[in-house]
Amino acid sequence: MTLHRANDNYISKTESLKTKFASRIGDAIGWGNLVGGILFGTYMLLDPQITTFMEYPVPFGMILLGLLSLWVSKQRGSETVRPHVYLLNYMLFPLILLYFIEDAATTIWSLTFLYLLMAMALQSRRMLLYSFISSMVGLSILMMTAPKQLTVLLGIEDHIIRMILFSIAGIIGLIVLYSIKDKEKLLFHYIHKAEETAYLDPFLKIPNRFDFNLYVDHKLKSSQLLLWKLELNQFQSVYDVLGHKRTDELLLMVKQRLEAKMSGDTYLAKGEGSTFLGATSNFEADELDSNLKQILRYLVAPYDLFGHDYQLNFNIGAALSGPDGDSSDELMRHAQFALDQAKLDGINQIVFSSDKLKSSTMNQVQISEALYQANLDSEFHVVYQPQIELKTNQIVGVEALIRWTHPQMGMISPGVFIEIAEKNGFIVPLGKWILEKACWEVQMLSDSIGRPLKLAVNVSFIQIRQDGFVEEILQILKKIGFQPDRLEIELTERSLFENRPEDLAKIDALRAKGIRIAIDDFGTGYSSFGILAKVQVDKIKVPRDFIENVDSNQNSQRIVTTIASMADRFQLTCLAEGIERLEESNFLHQLICQEVQGYYYAKPAVINQVEKWLSMPREKIISTISSEAADPVLE
């Protein structure tokens, strides 16, 4: 039985039904005796015959037992006392019969059947037995003590027949109740099992997250807790390799290791997927980190499963009640924040929740919510960074970059909100808006200056996976009148590496329509040569990481030279981005690198500013824009 069953803030459905049923029995018996005692006492006071003092305790006893039954029926934890209190009410029955023996001998038979029917209605075998015995005793007393003339009047045979009929009714009632009770017992058994299933992991046989939350909320009333979440890394890959059965066996081994290393004051539960939950009380603050590290070291040792050794990696996020919250919901949330950070830090990492981490995470949550509430046309705007052809030193195209000014939070860096937008899916409507906005503005600019200008737009792998991705881009181009061969879609190596074959086919379909494909940040991802083998592209962009100080850093020189040479062999355009110094620009002139972009040439600017630059004489454009002071509004 899981500990949630003992918590004072939880009552199982089975126990709740039993308690409610017992309470109804108490209400019926209690109110019956209370009202009956009052009526009985009133009748005795109004009885024209002389009532002796010894007869008054009977109605008073009925009233007291009625009140006691009502009180006991409402008390929790009185399951052993409650039946006996209820059954005491039936012990008064013969005394009631004795009082009415001369006035209502025939009516007494109806009263005995009434008690029998009450026991049947309340579905209590014990009460049925008590009512039967007490009624039979009362009727026997009636036959033996009634005046002779009364017995003769009624007829002894009638009494015997009625007792026989009463016995038959009692036996039938007992059989019926046994049948009902058996079904009721089976029903309660299934309810209990269903409830256990709801609060217990079916394979590991330890509490699940729902039970864990109940335990934590209960324990927080009296103790400080360390709540931690442990997650097996790359669980899906493990599952794909081992299959369902072996993965369960592996998780069982992890559970056994956890139980072997946990302190006696730790409550272990199973979370979603490959997550385990722990709540530790009675701990020493200075030993928390070392204890979790000890558990982690024990867990990462190889697992012998079906004759094979498996090496697993884990991460742990922990939160402390008080500083990190006073409820299971708050502690679970902050432990998850810490676990997410631990996964970002690497493998086999332990991270405790902190004010800095909570602030950073909550900021991401606020940004995520603000994205979906944002007005695209009023809060977002597109800026453009010129792309320069080294041979002619002229602007041949622009890269569209998104900027966001929130009404309350102000300017938010694209490096922050783009990643969040990819996580929460907002990148899909945002990416569509950027493409449509940029195509329209660059088309208007091209018409204004009298020559076509190329446009580069970044596309997320999340966008590629959407149904209708290719059709949506082509529809936007057709609506605006933007020629496909002037559009360049920039993808990261991650976008290409992680996409399925059907998604890579979408990229080929775009290229077949004349749209150019560029790989952004080439050389920083998974497998640059592997990407070129998987999909045809038109341009590779050398990232700032390799361009910085390339004039003096020999390793960077070798990398950039290799990438430029490879682009030439593959007949691809090579663009170096992030040029910020003259020396870096001079070095790139020596290579087979066709295009460049960076702050040395021009910072991102709104479309009107780009139009001013392009309206200048061609020989003055680069020297003019590179010498201009950076305008924060335009960046």
# chains A, B, ... in the order shown; residues from 1 in each chain; ligands from 1

$ residues_around --residues "Glu583 of chain A" --least-positions-apart "6" --cutoff "10 Å" --atoms "only C-alpha atoms" --output "PyMOL selection string"
chain A and resi 549-552

$ write_last_selection --atoms "C-alpha atoms" --output "compact mmCIF listing (two decimals), in the first residue's frame"
# COMPACT_ATOMS: atom_id res chain seq x y z
CA ASN A 549 41.20 37.26 -35.69
CA VAL A 550 41.68 35.10 -38.78
CA ASP A 551 44.54 37.37 -39.83
CA SER A 552 46.62 36.28 -36.83

$ select_by_dssp --residues "segment 442-489 of chain A" --states "helix (DSSP H, G or I)" --output "list in words"
Val442, Gln443, Met444, Leu445, Ser446, Asp447, Ser448, Ile449, Phe461, Ile462, Gln463, Ile464, Phe469, Val470, Glu471, Glu472, Ile473, Leu474, Gln475, Ile476, Leu477, Lys478, Lys479, Ile480, Pro484, Asp485 and Arg486 of chain A

$ residues_around --residues "Asp211 of chain A" --least-positions-apart "3" --cutoff "7 Å" --atoms "only C-alpha atoms" --output "PDB file with C-alpha atoms, in the first residue's frame"
ATOM      1  CA  HIS A   4      -0.742   8.340   0.112  1.00  0.00           C
ATOM      2  CA  TYR A 199      -1.281   5.668  -7.970  1.00  0.00           C
ATOM      3  CA  PRO A 207       4.358   5.121  -6.440  1.00  0.00           C
ATOM      4  CA  ASN A 208       3.806   7.262  -9.504  1.00  0.00           C
ATOM      5  CA  LEU A 214       0.167  13.743  -2.424  1.00  0.00           C
ATOM      6  CA  TYR A 215       3.048  12.496  -0.301  1.00  0.00           C
TER       7      TYR A 215
END

$ atom_distance --atom1 "atom CA of Ser585 of chain A" --atom2 "atom CA of Gln387 of chain A"
13.2 Å

$ residues_around --residues "Phe283 of chain A" --least-positions-apart "2" --cutoff "12 Å" --atoms "only C-alpha atoms" --output "PyMOL selection string"
chain A and resi 223-227+262-266+279-281+285-292+320

$ residues_around --residues "segment 239-250 of chain A" --least-positions-apart "4" --cutoff "10 Å" --atoms "only C-alpha atoms" --output "ChimeraX atom specification"
/A:203-204,234-235,254-256,274,303-306,310,312

$ closest_residue --among "A:Pro484, A:Pro452, A:Pro323, A:Gly425" --to "Ile395 of chain A" --atoms "only C-alpha atoms"
A:Pro452

$ select_by_dssp --residues "segment 440-578 of chain A" --states "strand (DSSP E)" --output "VMD selection string"
chain A and resid 454 to 458 487 to 492 516 to 520 539 to 542 573 to 577

$ write_last_selection --atoms "C-alpha atoms" --output "PDB file, in the first residue's frame"
ATOM      1  CA  LYS A 454      18.837  39.009 -53.576  1.00  0.00           C
ATOM      2  CA  LEU A 455      17.210  38.211 -50.247  1.00  0.00           C
ATOM      3  CA  ALA A 456      18.479  35.715 -47.663  1.00  0.00           C
ATOM      4  CA  VAL A 457      16.016  34.495 -45.012  1.00  0.00           C
ATOM      5  CA  ASN A 458      16.725  32.124 -42.130  1.00  0.00           C
ATOM      6  CA  LEU A 487      15.378  34.124 -52.665  1.00  0.00           C
ATOM      7  CA  GLU A 488      17.986  32.367 -50.614  1.00  0.00           C
ATOM      8  CA  ILE A 489      16.886  30.179 -47.703  1.00  0.00           C
ATOM      9  CA  GLU A 490      19.477  29.791 -44.966  1.00  0.00           C
ATOM     10  CA  LEU A 491      19.461  26.556 -42.979  1.00  0.00           C
ATOM     11  CA  THR A 492      21.683  25.474 -40.113  1.00  0.00           C
ATOM     12  CA  ARG A 516      18.756  28.967 -53.561  1.00  0.00           C
ATOM     13  CA  ILE A 517      19.766  27.010 -50.436  1.00  0.00           C
ATOM     14  CA  ALA A 518      22.553  28.142 -48.098  1.00  0.00           C
ATOM     15  CA  ILE A 519      24.075  26.412 -45.070  1.00  0.00           C
ATOM     16  CA  ASP A 520      24.546  28.867 -42.224  1.00  0.00           C
ATOM     17  CA  LYS A 539      26.074  28.520 -50.748  1.00  0.00           C
ATOM     18  CA  ILE A 540      27.958  27.904 -47.528  1.00  0.00           C
ATOM     19  CA  LYS A 541      28.483  30.620 -44.925  1.00  0.00           C
ATOM     20  CA  VAL A 542      31.648  30.689 -42.815  1.00  0.00           C
ATOM     21  CA  THR A 573      29.305  30.304 -53.332  1.00  0.00           C
ATOM     22  CA  CYS A 574      31.333  30.968 -50.185  1.00  0.00           C
ATOM     23  CA  LEU A 575      30.258  33.828 -47.910  1.00  0.00           C
ATOM     24  CA  ALA A 576      32.202  34.864 -44.826  1.00  0.00           C
ATOM     25  CA  GLU A 577      30.089  36.539 -42.151  1.00  0.00           C
TER      26      GLU A 577
END

$ closest_residue --among "A:Leu339, A:Ala198, A:Ile531, A:Leu357" --to "Asp324 of chain A" --atoms "only C-alpha atoms"
A:Leu357
